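final-v9.txt follows; it contains compact mmCIF, C-alpha atoms.
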# COMPACT_ATOMS: atom_id res chain seq x y z
CA MET P 1 0.07 13.58 44.12
CA LEU P 2 -0.78 16.84 42.40
CA THR P 3 0.58 19.97 44.04
CA ARG P 4 -0.78 23.49 43.73
CA GLU P 5 1.98 24.23 41.22
CA HIS P 6 1.04 21.17 39.16
CA LEU P 7 -2.60 22.22 39.10
CA GLY P 8 -1.54 25.64 37.83
CA ASP P 9 0.48 24.02 35.06
CA ILE P 10 -2.33 21.86 33.68
CA TYR P 11 -3.99 24.68 31.77
CA ARG P 12 -2.14 27.94 31.03
CA PRO P 13 -3.63 29.79 28.03
CA GLN P 14 -1.11 31.82 26.05
CA GLY P 15 -3.41 34.12 24.07
CA PRO P 16 -4.18 34.02 20.33
CA LYS P 17 -1.49 33.33 17.73
CA ALA P 18 -1.93 34.28 14.06
CA ILE P 19 -2.34 31.45 11.55
CA VAL P 20 -3.09 33.56 8.48
CA LEU P 21 -4.28 37.17 8.18
CA GLY P 22 -6.23 38.98 5.50
CA LEU P 23 -7.90 36.12 3.64
CA PRO P 24 -10.14 37.90 1.09
CA TRP P 25 -13.88 37.21 1.31
CA THR P 26 -15.78 37.05 -1.99
CA SER P 27 -19.50 36.51 -2.48
CA GLY P 28 -20.07 32.79 -3.03
CA GLY P 29 -16.35 32.05 -2.84
CA SER P 30 -14.17 29.96 -0.54
CA GLN P 31 -10.75 29.80 1.09
CA SER P 32 -8.62 26.86 2.23
CA VAL P 33 -5.73 26.91 4.71
CA THR P 34 -3.48 23.85 4.78
CA GLN P 35 -0.36 23.03 6.82
CA ALA P 36 -0.34 26.49 8.38
CA VAL P 37 -1.44 25.75 11.96
CA ASP P 38 1.52 25.79 14.34
CA LEU P 39 1.25 22.95 16.86
CA SER P 40 4.56 23.55 18.62
CA LEU P 41 2.19 24.23 21.53
CA PRO P 42 -1.13 22.40 21.90
CA ILE P 43 -4.16 24.49 20.93
CA ARG P 44 -7.66 24.56 22.42
CA GLY P 45 -9.43 25.99 19.36
CA ILE P 46 -9.47 28.35 16.38
CA ARG P 47 -10.53 32.01 16.49
CA VAL P 48 -12.17 33.46 13.38
CA VAL P 49 -12.12 37.25 12.94
CA PHE P 50 -14.24 38.52 10.04
CA ARG P 51 -14.48 42.21 9.21
CA GLY P 52 -15.60 44.28 6.28
CA ARG P 53 -18.08 46.75 4.84
CA VAL P 54 -21.32 46.29 2.94
CA THR P 55 -22.99 49.18 1.13
CA VAL P 56 -26.69 49.06 0.26
CA GLY P 57 -27.70 51.55 -2.40
CA THR P 58 -30.85 52.95 -4.09
CA ALA P 59 -33.42 50.81 -2.24
CA ALA P 60 -33.58 48.88 1.04
CA PHE P 61 -33.86 45.08 1.23
CA THR P 62 -37.45 43.88 1.10
CA THR P 63 -36.71 41.19 3.72
CA VAL P 64 -33.68 40.66 5.94
CA ASN P 65 -32.61 37.32 7.38
CA PRO P 66 -32.49 37.35 11.20
CA GLU P 67 -28.84 36.29 11.54
CA GLY P 68 -27.85 38.81 8.91
CA LEU P 69 -24.12 39.34 8.44
CA LEU P 70 -23.31 36.13 10.32
CA ASN P 71 -24.53 34.27 7.22
CA LEU P 72 -21.69 35.64 5.08
CA ILE P 73 -19.55 32.67 6.16
CA SER P 74 -21.78 29.75 5.29
CA ASN P 75 -19.48 26.99 6.52
CA VAL P 76 -16.37 26.47 8.65
CA PHE P 77 -14.77 23.06 8.17
CA ILE P 78 -11.84 22.04 10.39
CA GLN P 79 -10.35 18.59 9.96
CA GLY P 80 -7.10 16.67 10.09
CA THR P 81 -5.54 13.24 10.37
CA ASN P 82 -5.39 11.88 13.90
CA ALA P 83 -2.65 9.32 14.53
CA ARG P 84 -4.53 7.59 17.35
CA GLN P 85 -7.62 7.15 15.18
CA GLN P 86 -5.49 6.51 12.05
CA GLY P 87 -7.70 8.52 9.74
CA ASN P 88 -9.28 11.85 8.88
CA MET P 89 -11.36 13.40 11.63
CA THR P 90 -13.69 16.38 11.54
CA LEU P 91 -13.50 18.79 14.46
CA TRP P 92 -16.01 21.33 13.10
CA ASN P 93 -18.39 21.40 10.14
CA CYS P 94 -20.86 24.21 10.76
CA ASP P 95 -21.96 27.63 9.53
CA LEU P 96 -20.73 30.75 11.35
CA ALA P 97 -24.22 31.91 12.40
CA THR P 98 -25.00 28.68 14.28
CA ALA P 99 -21.52 28.52 15.86
CA PHE P 100 -21.85 32.17 16.93
CA VAL P 101 -25.21 31.65 18.64
CA TYR P 102 -24.02 28.37 20.18
CA GLN P 103 -21.32 30.31 22.02
CA HIS P 104 -24.03 32.43 23.69
CA MET P 105 -26.12 29.55 25.01
CA PHE P 106 -23.99 29.11 28.14
CA GLY P 107 -23.57 32.75 29.12
CA VAL P 108 -24.65 36.17 27.93
CA ARG P 109 -21.16 36.63 26.52
CA GLY P 110 -19.60 33.46 25.22
CA GLY P 111 -16.56 33.20 22.99
CA ALA P 112 -18.11 35.39 20.28
CA TYR P 113 -19.24 38.93 19.63
CA ALA P 114 -20.27 41.11 16.71
CA SER P 115 -20.36 44.84 16.05
CA VAL P 116 -22.17 46.74 13.31
CA VAL P 117 -22.02 50.52 12.74
CA THR P 118 -22.99 52.81 9.92
CA ALA P 119 -20.26 54.71 8.14
CA ALA P 120 -21.88 58.03 9.08
CA PRO P 121 -19.55 58.74 12.04
CA ALA P 122 -16.09 59.96 11.15
CA PHE P 123 -13.35 57.35 11.18
CA PRO P 124 -11.96 56.19 13.57
CA PHE P 125 -15.35 55.39 15.04
CA GLN P 126 -16.15 53.14 17.98
CA ASP P 127 -17.55 49.69 17.30
CA VAL P 128 -21.14 49.27 18.51
CA ILE P 129 -21.53 45.81 20.02
CA VAL P 130 -24.62 43.94 18.89
CA PRO P 131 -26.67 42.65 21.86
CA ALA P 132 -26.35 38.95 22.63
CA PRO P 133 -28.99 36.82 20.86
CA THR P 134 -32.18 36.19 22.79
CA SER P 135 -35.92 36.05 22.00
CA PRO P 136 -37.05 37.52 19.71
CA PHE P 137 -34.10 37.09 17.37
CA PRO P 138 -32.69 39.54 16.53
CA SER P 139 -33.15 41.67 19.59
CA ALA P 140 -34.43 45.23 19.20
CA GLN P 141 -32.50 46.43 22.26
CA THR P 142 -30.40 48.89 20.28
CA ALA P 143 -33.20 51.41 19.66
CA ALA P 144 -31.63 53.80 22.19
CA GLN P 145 -28.02 53.22 21.18
CA ALA P 146 -25.74 56.08 20.26
CA ALA P 147 -25.91 57.70 16.83
CA GLY P 148 -24.28 55.56 14.20
CA ALA P 149 -25.58 52.27 15.63
CA ALA P 150 -27.36 49.74 13.49
CA SER P 151 -31.12 50.03 13.13
CA ALA P 152 -33.24 48.38 15.78
CA THR P 153 -35.13 46.43 13.10
CA ASN P 154 -32.24 43.99 12.73
CA VAL P 155 -29.08 44.65 14.68
CA TYR P 156 -27.13 42.09 12.63
CA PHE P 157 -27.95 43.77 9.31
CA PRO P 158 -30.61 46.46 8.93
CA GLY P 159 -30.67 46.21 5.12
CA THR P 160 -31.47 49.90 4.70
CA VAL P 161 -29.80 52.26 2.24
CA ASN P 162 -26.53 52.93 4.04
CA THR P 163 -22.98 51.72 4.51
CA PHE P 164 -22.35 49.23 7.31
CA ASP P 165 -19.00 48.30 8.80
CA PHE P 166 -19.00 45.01 10.67
CA ARG P 167 -16.67 42.95 12.80
CA ILE P 168 -17.52 39.38 13.83
CA ILE P 169 -15.30 37.34 16.14
CA CYS P 170 -16.09 33.73 17.02
CA ASP P 171 -14.14 30.94 18.68
CA PHE P 172 -14.40 27.36 17.46
CA PRO P 173 -13.30 25.42 20.56
CA PHE P 174 -12.13 21.83 20.48
CA HIS P 175 -13.37 21.29 24.04
CA PRO P 176 -17.04 21.36 25.14
CA HIS P 177 -18.68 24.78 25.29
CA GLY P 178 -18.98 26.46 28.66
CA ASN P 179 -15.79 24.89 30.06
CA ASN P 180 -13.44 27.85 29.63
CA ALA P 181 -14.57 30.11 32.47
CA PHE P 182 -14.09 30.20 36.21
CA GLY P 183 -16.36 27.72 37.94
CA LYS P 184 -17.13 25.80 34.74
CA GLU P 185 -14.63 22.95 34.83
CA PRO P 186 -11.68 24.71 33.10
CA LEU P 187 -9.50 21.65 33.75
CA THR P 188 -11.58 19.64 31.25
CA ILE P 189 -10.12 21.75 28.42
CA PRO P 190 -6.79 19.84 28.31
CA GLN P 191 -8.79 16.67 27.68
CA PHE P 192 -9.49 17.86 24.11
CA LEU P 193 -6.38 19.77 23.07
CA VAL P 194 -5.08 19.38 19.52
CA ARG P 195 -1.38 18.51 19.72
CA ASN P 196 1.49 17.81 17.37
CA GLU P 197 1.79 14.28 18.76
CA GLU P 198 -1.58 13.26 17.30
CA TRP P 199 -2.19 15.70 14.43
CA LYS P 200 1.29 16.63 13.06
CA ASP P 201 0.84 19.18 10.25
CA SER P 202 -2.44 17.75 8.95
CA LEU P 203 -4.89 20.34 10.30
CA GLN P 204 -6.93 22.04 7.53
CA ILE P 205 -9.38 24.92 7.69
CA GLN P 206 -11.84 25.41 4.84
CA LEU P 207 -14.19 28.39 4.66
CA ALA P 208 -17.22 28.66 2.38
CA PHE P 209 -18.72 32.09 1.83
CA GLY P 210 -22.36 32.97 1.35
CA ALA P 211 -23.58 34.83 -1.72
CA GLN P 212 -25.62 38.02 -1.87
CA ALA P 213 -26.44 40.30 -4.79
CA GLY P 214 -28.83 43.17 -5.48
CA ALA P 215 -31.48 43.62 -8.17
CA GLY P 216 -34.07 41.44 -6.44
CA ALA P 217 -31.72 38.55 -5.63
CA ILE P 218 -32.41 36.15 -2.77
CA GLY P 219 -29.22 35.58 -0.81
CA VAL P 220 -27.77 34.89 2.62
CA LEU P 221 -28.58 38.40 3.89
CA GLY P 222 -32.18 38.38 2.64
CA THR P 223 -34.06 39.52 -0.45
CA SER P 224 -32.99 42.73 -2.15
CA ALA P 225 -35.41 45.03 -3.95
CA GLY P 226 -35.43 45.25 -7.72
CA THR P 227 -33.31 48.40 -7.71
CA THR P 228 -31.11 47.56 -4.72
CA THR P 229 -27.35 47.59 -5.21
CA VAL P 230 -25.05 45.65 -2.91
CA ALA P 231 -21.29 46.24 -2.72
CA PHE P 232 -18.69 44.71 -0.40
CA SER P 233 -15.36 46.23 0.57
CA GLY P 234 -12.86 46.33 3.43
CA TYR P 235 -13.59 47.51 6.94
CA ALA P 236 -13.72 51.32 7.11
CA GLY P 237 -13.28 51.37 3.35
CA VAL P 238 -9.72 50.05 3.50
CA GLY P 239 -9.27 47.36 0.84
CA THR P 240 -11.50 45.98 -1.86
CA THR P 241 -12.97 43.01 0.02
CA PRO P 242 -13.89 41.96 3.55
CA VAL P 243 -11.18 39.79 5.11
CA VAL P 244 -10.93 36.81 7.45
CA ASP P 245 -8.14 36.42 10.01
CA LEU P 246 -7.52 33.03 11.60
CA TYR P 247 -5.83 32.54 14.97
CA SER P 248 -4.97 29.49 17.04
CA LEU P 249 -5.47 29.45 20.82
CA PRO P 250 -2.32 27.88 22.33
CA VAL P 251 -2.09 26.35 25.78
CA LEU P 252 1.12 25.86 27.76
CA MET P 253 1.39 22.91 30.14
CA GLY P 254 4.09 21.99 32.63
CA LEU P 255 6.68 19.58 31.25
CA THR P 256 5.89 17.01 33.91
CA LEU P 257 2.20 17.08 33.03
CA LYS P 258 1.81 17.39 29.29
CA ASP P 259 2.57 13.73 28.62
CA GLN P 260 0.18 12.59 31.33
CA ILE P 261 -2.82 13.60 29.22
CA LEU P 262 -3.69 11.91 25.94
CA PRO P 263 -6.39 14.19 24.52
CA GLY P 264 -9.62 12.91 23.10
CA VAL P 265 -11.44 14.17 20.01
CA LEU P 266 -14.72 16.10 20.12
CA SER P 267 -16.45 16.47 16.75
CA ARG P 268 -19.26 18.91 15.89
CA VAL P 269 -21.07 18.31 12.61
CA ALA P 270 -24.21 20.20 11.54
CA THR P 271 -26.77 18.45 9.34
CA GLN P 272 -29.40 20.39 7.40
CA ILE P 273 -32.97 19.04 7.32
CA SER P 274 -35.60 20.28 4.90
CA GLY P 275 -38.35 18.98 2.67
CA GLY P 276 -41.11 16.55 3.50
CA VAL P 277 -40.02 15.66 7.02
CA LEU P 278 -40.70 19.27 8.13
CA THR P 279 -43.50 20.34 5.80
CA ALA P 280 -45.85 17.41 6.45
CA ALA P 281 -47.72 17.45 9.76
CA GLY P 282 -47.25 14.46 12.04
CA SER P 283 -46.60 13.18 15.54
CA ASN P 284 -43.41 11.54 16.83
CA ILE P 285 -41.65 12.16 13.51
CA PRO P 286 -38.00 11.02 13.25
CA LEU P 287 -35.98 14.15 12.46
CA LEU P 288 -32.50 12.64 12.31
CA ASN P 289 -30.71 9.37 13.05
CA GLN P 290 -27.79 10.47 15.19
CA GLN P 291 -24.41 8.80 15.21
CA LYS P 292 -23.89 6.18 17.92
CA GLN P 293 -21.11 7.97 19.77
CA PRO P 294 -20.74 9.51 23.23
CA THR P 295 -22.87 12.66 22.88
CA PRO P 296 -22.44 15.60 25.27
CA ARG P 297 -25.03 17.79 23.51
CA THR P 298 -27.33 17.99 20.52
CA LEU P 299 -28.35 21.41 19.17
CA PHE P 300 -31.60 21.82 17.25
CA LYS P 301 -32.27 24.94 15.17
CA GLN P 302 -35.49 25.56 13.26
CA GLY P 303 -37.24 28.13 11.11
CA THR P 304 -37.71 28.65 7.38
CA ALA P 305 -35.08 28.89 4.67
CA THR P 306 -34.72 29.25 0.92
CA VAL P 307 -30.91 29.41 0.84
CA PRO P 308 -28.84 26.63 2.50
CA ASN P 309 -27.27 27.63 5.83
CA ALA P 310 -29.15 30.96 5.92
CA PHE P 311 -32.46 30.95 7.78
CA THR P 312 -35.14 33.34 6.52
CA THR P 313 -36.92 33.17 9.89
CA LEU P 314 -36.27 31.49 13.22
CA ASN P 315 -39.17 30.01 15.18
CA ASP P 316 -40.01 27.42 17.82
CA ASN P 317 -43.43 26.50 16.49
CA ASN P 318 -43.07 24.11 13.57
CA VAL P 319 -41.46 21.32 15.62
CA SER P 320 -43.49 21.83 18.78
CA THR P 321 -42.14 18.92 20.83
CA LEU P 322 -38.69 17.39 20.91
CA GLY P 323 -37.15 14.25 22.32
CA ILE P 324 -34.50 11.58 21.77
CA GLN P 325 -35.49 7.93 21.39
CA LEU P 326 -33.76 4.59 21.05
CA GLY P 327 -35.32 2.14 18.66
CA GLY P 328 -38.44 4.27 18.35
CA ASN P 329 -39.84 3.43 21.79
CA ARG P 330 -37.28 4.08 24.55
CA ASN P 331 -36.85 7.66 25.69
CA VAL P 332 -33.39 9.09 26.21
CA ARG P 333 -35.00 12.54 26.48
CA ASN P 334 -38.77 12.59 26.88
CA ARG P 335 -40.66 14.06 23.93
CA VAL P 336 -42.23 17.11 25.56
CA ASP P 337 -43.12 20.70 24.64
CA ILE P 338 -40.06 22.37 23.13
CA PHE P 339 -40.28 25.36 25.48
CA THR P 340 -40.00 22.97 28.42
CA HIS P 341 -36.63 21.88 27.06
CA LYS P 342 -35.62 25.48 26.36
CA LEU P 343 -36.09 26.46 30.02
CA GLN P 344 -33.10 24.25 30.90
CA GLN P 345 -30.92 26.93 29.34
CA ALA P 346 -32.19 29.50 31.83
CA ASP P 347 -32.26 27.08 34.75
CA ILE P 348 -28.76 25.62 34.33
CA TYR P 349 -26.81 28.39 32.61
CA GLY P 350 -28.72 31.51 33.65
CA ARG P 351 -29.16 32.43 29.99
CA ASP P 352 -32.26 33.64 28.14
CA PRO P 353 -33.65 31.04 25.75
CA ILE P 354 -32.77 31.96 22.16
CA GLN P 355 -35.46 31.97 19.50
CA GLY P 356 -35.15 29.03 17.11
CA TYR P 357 -32.48 27.23 19.17
CA THR P 358 -33.07 24.28 21.51
CA LEU P 359 -30.37 22.35 23.37
CA MET P 360 -30.58 18.69 24.35
CA ASP P 361 -27.92 18.71 27.03
CA PHE P 362 -26.21 15.77 28.74
CA GLN P 363 -23.35 17.85 30.15
CA GLU P 364 -25.19 20.11 32.56
CA GLN P 365 -22.73 19.38 35.37
CA GLY P 366 -19.88 20.70 33.18
CA ASN P 367 -18.11 17.35 32.79
CA PRO P 368 -17.96 15.63 29.36
CA ASP P 369 -17.84 12.25 31.13
CA SER P 370 -21.59 12.70 31.64
CA ALA P 371 -22.14 12.54 27.86
CA TYR P 372 -24.85 10.12 26.76
CA PRO P 373 -23.10 6.77 26.05
CA GLY P 374 -24.24 6.39 22.47
CA GLN P 375 -21.44 3.93 21.82
CA ASP P 376 -23.28 1.38 23.95
CA ILE P 377 -26.44 1.41 21.83
CA GLY P 378 -26.89 -2.05 20.41
CA ASP P 379 -26.68 -2.98 16.74
CA GLY P 380 -29.88 -2.37 14.82
CA ALA P 381 -31.22 0.18 17.30
CA THR P 382 -31.72 3.77 16.19
CA PHE P 383 -30.59 6.89 18.09
CA GLN P 384 -33.16 9.40 16.86
CA LEU P 385 -34.14 12.98 17.46
CA VAL P 386 -37.96 13.01 17.21
CA GLY P 387 -40.71 15.61 17.45
CA ASP P 388 -44.25 16.65 16.60
CA VAL P 389 -44.31 18.63 13.34
CA ALA P 390 -46.94 21.24 12.44
CA GLY P 391 -45.95 21.13 8.75
CA LEU P 392 -45.32 24.79 7.90
CA ALA P 393 -44.32 25.60 4.33
CA ALA P 394 -40.63 26.22 3.57
CA SER P 395 -39.65 24.87 6.99
CA ALA P 396 -36.01 24.04 7.59
CA ALA P 397 -33.95 22.80 10.50
CA LEU P 398 -30.37 22.14 11.44
CA ILE P 399 -29.15 19.54 13.90
CA LEU P 400 -25.64 19.74 15.32
CA GLN P 401 -24.51 16.64 17.21
CA GLU P 402 -21.45 16.74 19.43
CA GLN P 403 -19.61 13.42 19.37
CA ILE P 404 -16.63 12.26 21.42
CA LEU P 405 -14.84 10.22 18.77
CA HIS P 406 -11.95 9.38 21.05
CA GLN P 407 -12.07 9.42 24.84
CA PRO P 408 -9.28 11.29 26.68
CA THR P 409 -6.93 9.05 28.60
CA GLY P 410 -3.57 9.31 30.37
CA GLU P 411 -2.52 9.28 34.02
CA LEU P 412 -4.34 12.51 34.86
CA MET P 413 -7.53 11.19 33.28
CA ASN P 414 -7.47 7.70 34.81
CA TYR P 415 -9.19 8.31 38.11
Taking this structure as input, can you express it in the form of structure tokens?
Amino acid sequence: MLTREHLGDIYRPQGPKAIVLGLPWTSGGSQSVTQAVDLSLPIRGIRVVFRGRVTVGTAAFTTVNPEGLLNLISNVFIQGTNARQQGNMTLWNCDLATAFVYQHMFGVRGGAYASVVTAAPAFPFQDVIVPAPTSPFPSAQTAAQAAGAASATNVYFPGTVNTFDFRIICDFPFHPHGNNAFGKEPLTIPQFLVRNEEWKDSLQIQLAFGAQAGAGAIGVLGTSAGTTTVAFSGYAGVGTTPVVDLYSLPVLMGLTLKDQILPGVLSRVATQISGGVLTAAGSNIPLLNQQKQPTPRTLFKQGTATVPNAFTTLNDNNVSTLGIQLGGNRNVRNRVDIFTHKLQQADIYGRDPIQGYTLMDFQEQGNPDSAYPGQDIGDGATFQLVGDVAGLAASAALILQEQILHQPTGELMNY
């Protein structure tokens, strides 16, 4: 029988622990971290801290992408070799912008925040927190912020002639989102810990960086004017490049309990969709064949894009209805107006719907055991995300499917 002391020992976060600090960011570059994650204690996720300075000179950007500076890390790939699955497994494969917004879909402040200030105030200046994403995206709530705040036209990157210091912090949890706060099933977190017993020293983190130049270039921040200059450097002018710090999020468990949980594996993989499927009008169009795995949530993001993983606009109008079907004729989620689905976010999580983002949620009660049992779909049947498509030019979409690749087991889980 579990005692109060045992319950307290199941999940005891220890605060962030540095993996590697000061990884230099370069436009269009990449970084890889191998055999550097300490698993002497189990970890519940990875924290990415990205900070730097961008200076726009001579002329402002002609257009600015809505997610702005979030696009400077175009992909975060976390994988390793799991002994129980006897092979490589992907924990995360997603761009920073999508992961950042995903954290805000279950509360106004999830495990992510960003700050952007101009360099006009004297250093040391106070970071100005960017408002949480909502509709429209980006929010213009900062019009009345203190002097030195980012312009209200785009709080994530105004693109005007100025110098902008930014700091972006985002957690990449290994457990389902929304489970790490009081009243939201915190005891489900140990079900998806990454431990030495299963992963050894195999965990790898690969970062891909977005590219942006001046002189009329189209990049992840937007489109610069013909005479625009763009220069990147360290936060507050310290250093020649922006930097990325990586931290693990360790968890301490009581000695009598840690071996009574055999963690499962939750994988999040984002798939880009573009081309004919989104630019040709049609009804009940298959958008993606999802993997036949237990699926807690599927995230759908839409808008327009000319650069991979960097949306030029976000909208909810091109794919006007959304649903999930089996075999093309059985509804897992009814294909209805997309705003009807989006209201679930306000109804269940008390969170404003976010422009361009729609959640197909099977975990509204906070328990991953309520995930849709995709593993039971028969051979030959499809597990499709479908919708009605208006067929707007340059349309793009991203679909992120959460998959439980290995179910948690152990004495504490077998009830």
Margin query: Residues near segment 287-303 of chain P, anyone? I mean within 6 Å using only C-alpha atoms, not counting same-chain ones fewer than 4 positions away, as a PyMOL selection string.
Written below: chain P and resi 313-315+356-363+371-375+383-386+395-404
Just C-alpha atoms for this one: save the residues we selected as a PDB file, keeping the file's coordinate frame.
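Done, and the output landed in part_7.pdb:
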ATOM      1  CA  THR P 313     -36.920  33.170   9.890  1.00  0.00           C
ATOM      2  CA  LEU P 314     -36.270  31.490  13.220  1.00  0.00           C
ATOM      3  CA  ASN P 315     -39.170  30.010  15.180  1.00  0.00           C
ATOM      4  CA  GLY P 356     -35.150  29.030  17.110  1.00  0.00           C
ATOM      5  CA  TYR P 357     -32.480  27.230  19.170  1.00  0.00           C
ATOM      6  CA  THR P 358     -33.070  24.280  21.510  1.00  0.00           C
ATOM      7  CA  LEU P 359     -30.370  22.350  23.370  1.00  0.00           C
ATOM      8  CA  MET P 360     -30.580  18.690  24.350  1.00  0.00           C
ATOM      9  CA  ASP P 361     -27.920  18.710  27.030  1.00  0.00           C
ATOM     10  CA  PHE P 362     -26.210  15.770  28.740  1.00  0.00           C
ATOM     11  CA  GLN P 363     -23.350  17.850  30.150  1.00  0.00           C
ATOM     12  CA  ALA P 371     -22.140  12.540  27.860  1.00  0.00           C
ATOM     13  CA  TYR P 372     -24.850  10.120  26.760  1.00  0.00           C
ATOM     14  CA  PRO P 373     -23.100   6.770  26.050  1.00  0.00           C
ATOM     15  CA  GLY P 374     -24.240   6.390  22.470  1.00  0.00           C
ATOM     16  CA  GLN P 375     -21.440   3.930  21.820  1.00  0.00           C
ATOM     17  CA  PHE P 383     -30.590   6.890  18.090  1.00  0.00           C
ATOM     18  CA  GLN P 384     -33.160   9.400  16.860  1.00  0.00           C
ATOM     19  CA  LEU P 385     -34.140  12.980  17.460  1.00  0.00           C
ATOM     20  CA  VAL P 386     -37.960  13.010  17.210  1.00  0.00           C
ATOM     21  CA  SER P 395     -39.650  24.870   6.990  1.00  0.00           C
ATOM     22  CA  ALA P 396     -36.010  24.040   7.590  1.00  0.00           C
ATOM     23  CA  ALA P 397     -33.950  22.800  10.500  1.00  0.00           C
ATOM     24  CA  LEU P 398     -30.370  22.140  11.440  1.00  0.00           C
ATOM     25  CA  ILE P 399     -29.150  19.540  13.900  1.00  0.00           C
ATOM     26  CA  LEU P 400     -25.640  19.740  15.320  1.00  0.00           C
ATOM     27  CA  GLN P 401     -24.510  16.640  17.210  1.00  0.00           C
ATOM     28  CA  GLU P 402     -21.450  16.740  19.430  1.00  0.00           C
ATOM     29  CA  GLN P 403     -19.610  13.420  19.370  1.00  0.00           C
ATOM     30  CA  ILE P 404     -16.630  12.260  21.420  1.00  0.00           C
TER      31      ILE P 404
END
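A distance cut-off of 8 Å around (-20.4, 51.8, -1.9), counting only C-alpha atoms, selects these protein and nucleic acid residues: P:Val54, P:Thr55, P:Val56, P:Gly57, P:Thr163, P:Val230, P:Ala231, P:Phe232, P:Ser233.
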Checklist line | Closest of P:Val20, P:Val64, P:Ile377, P:Val194 to Gly264 of chain P - atom-to-atom distances counting all atoms listed in the file | finding: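 Answer, going by the shortest atom-to-atom distance: P:Val194.
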Please determine an axis-aligned box that encloses all atoms of segment 262-269 of chain P listed in the file, with 6 Å added on each side, and express its centre and edge lengths in Å to one decimal as AutoDock Vina command-line options.
--center_x -12.4 --center_y 15.4 --center_z 19.3 --size_x 29.4 --size_y 19.0 --size_z 25.3
Determine, counting only C-alpha atoms, every residue of protein, DNA or RNA that lies within 9 Å of (-2.7, 20.8, 6.7) in the file coordinates, then give the result as a PDB file with C-alpha atoms, in the coordinates of the input.
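This is the output file part.pdb:
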ATOM      1  CA  VAL P  33      -5.730  26.910   4.710  1.00  0.00           C
ATOM      2  CA  THR P  34      -3.480  23.850   4.780  1.00  0.00           C
ATOM      3  CA  GLN P  35      -0.360  23.030   6.820  1.00  0.00           C
ATOM      4  CA  ALA P  36      -0.340  26.490   8.380  1.00  0.00           C
ATOM      5  CA  VAL P  37      -1.440  25.750  11.960  1.00  0.00           C
ATOM      6  CA  GLN P  79     -10.350  18.590   9.960  1.00  0.00           C
ATOM      7  CA  GLY P  80      -7.100  16.670  10.090  1.00  0.00           C
ATOM      8  CA  THR P  81      -5.540  13.240  10.370  1.00  0.00           C
ATOM      9  CA  LYS P 200       1.290  16.630  13.060  1.00  0.00           C
ATOM     10  CA  ASP P 201       0.840  19.180  10.250  1.00  0.00           C
ATOM     11  CA  SER P 202      -2.440  17.750   8.950  1.00  0.00           C
ATOM     12  CA  LEU P 203      -4.890  20.340  10.300  1.00  0.00           C
ATOM     13  CA  GLN P 204      -6.930  22.040   7.530  1.00  0.00           C
ATOM     14  CA  ILE P 205      -9.380  24.920   7.690  1.00  0.00           C
TER      15      ILE P 205
END
Next item on the list: Provide the atom CA of Phe61 of chain P to atom CA of Phe137 of chain P distance in Å, to one decimal place.
Entry: 18.0 Å
Next item on the list: Write out as JSON, numbers by chain each polymer residue whose atoms come within 6 Å of segment 82-98 of chain P, counting all atoms listed in the file; drop sequence neighbours fewer than 6 positions from it.
Entry: {"P": [70, 71, 73, 74, 75, 76, 198, 199, 267, 268, 269, 270]}
Put those residues in a file: C-alpha atoms, as an mmCIF file, in the frame of the given file.
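Wrote it out as out-v2.cif, contents follow:
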data_model
loop_
_atom_site.group_PDB
_atom_site.id
_atom_site.type_symbol
_atom_site.label_atom_id
_atom_site.label_comp_id
_atom_site.auth_asym_id
_atom_site.auth_seq_id
_atom_site.Cartn_x
_atom_site.Cartn_y
_atom_site.Cartn_z
ATOM 1 C CA LEU P 70 -23.310 36.130 10.320
ATOM 2 C CA ASN P 71 -24.530 34.270 7.220
ATOM 3 C CA ILE P 73 -19.550 32.670 6.160
ATOM 4 C CA SER P 74 -21.780 29.750 5.290
ATOM 5 C CA ASN P 75 -19.480 26.990 6.520
ATOM 6 C CA VAL P 76 -16.370 26.470 8.650
ATOM 7 C CA GLU P 198 -1.580 13.260 17.300
ATOM 8 C CA TRP P 199 -2.190 15.700 14.430
ATOM 9 C CA SER P 267 -16.450 16.470 16.750
ATOM 10 C CA ARG P 268 -19.260 18.910 15.890
ATOM 11 C CA VAL P 269 -21.070 18.310 12.610
ATOM 12 C CA ALA P 270 -24.210 20.200 11.540
#
Could you write segment 338-343 of chain P as an mmCIF file, in the frame of the given file, with N, CA and C atoms rebuilt where they are missing?
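Written output follows (selection-v7.cif):
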data_model
loop_
_atom_site.group_PDB
_atom_site.id
_atom_site.type_symbol
_atom_site.label_atom_id
_atom_site.label_comp_id
_atom_site.auth_asym_id
_atom_site.auth_seq_id
_atom_site.Cartn_x
_atom_site.Cartn_y
_atom_site.Cartn_z
ATOM 1 N N ILE P 338 -41.420 21.906 23.393
ATOM 2 C CA ILE P 338 -40.060 22.370 23.130
ATOM 3 C C ILE P 338 -39.653 23.490 24.087
ATOM 4 N N PHE P 339 -40.615 24.291 24.544
ATOM 5 C CA PHE P 339 -40.280 25.360 25.480
ATOM 6 C C PHE P 339 -39.913 24.811 26.853
ATOM 7 N N THR P 340 -40.396 23.628 27.172
ATOM 8 C CA THR P 340 -40.000 22.970 28.420
ATOM 9 C C THR P 340 -38.526 22.616 28.374
ATOM 10 N N HIS P 341 -38.062 22.130 27.222
ATOM 11 C CA HIS P 341 -36.630 21.880 27.060
ATOM 12 C C HIS P 341 -35.833 23.178 27.099
ATOM 13 N N LYS P 342 -36.360 24.227 26.471
ATOM 14 C CA LYS P 342 -35.620 25.480 26.360
ATOM 15 C C LYS P 342 -35.388 26.133 27.731
ATOM 16 N N LEU P 343 -36.265 25.861 28.707
ATOM 17 C CA LEU P 343 -36.090 26.460 30.020
ATOM 18 C C LEU P 343 -34.820 25.952 30.708
#
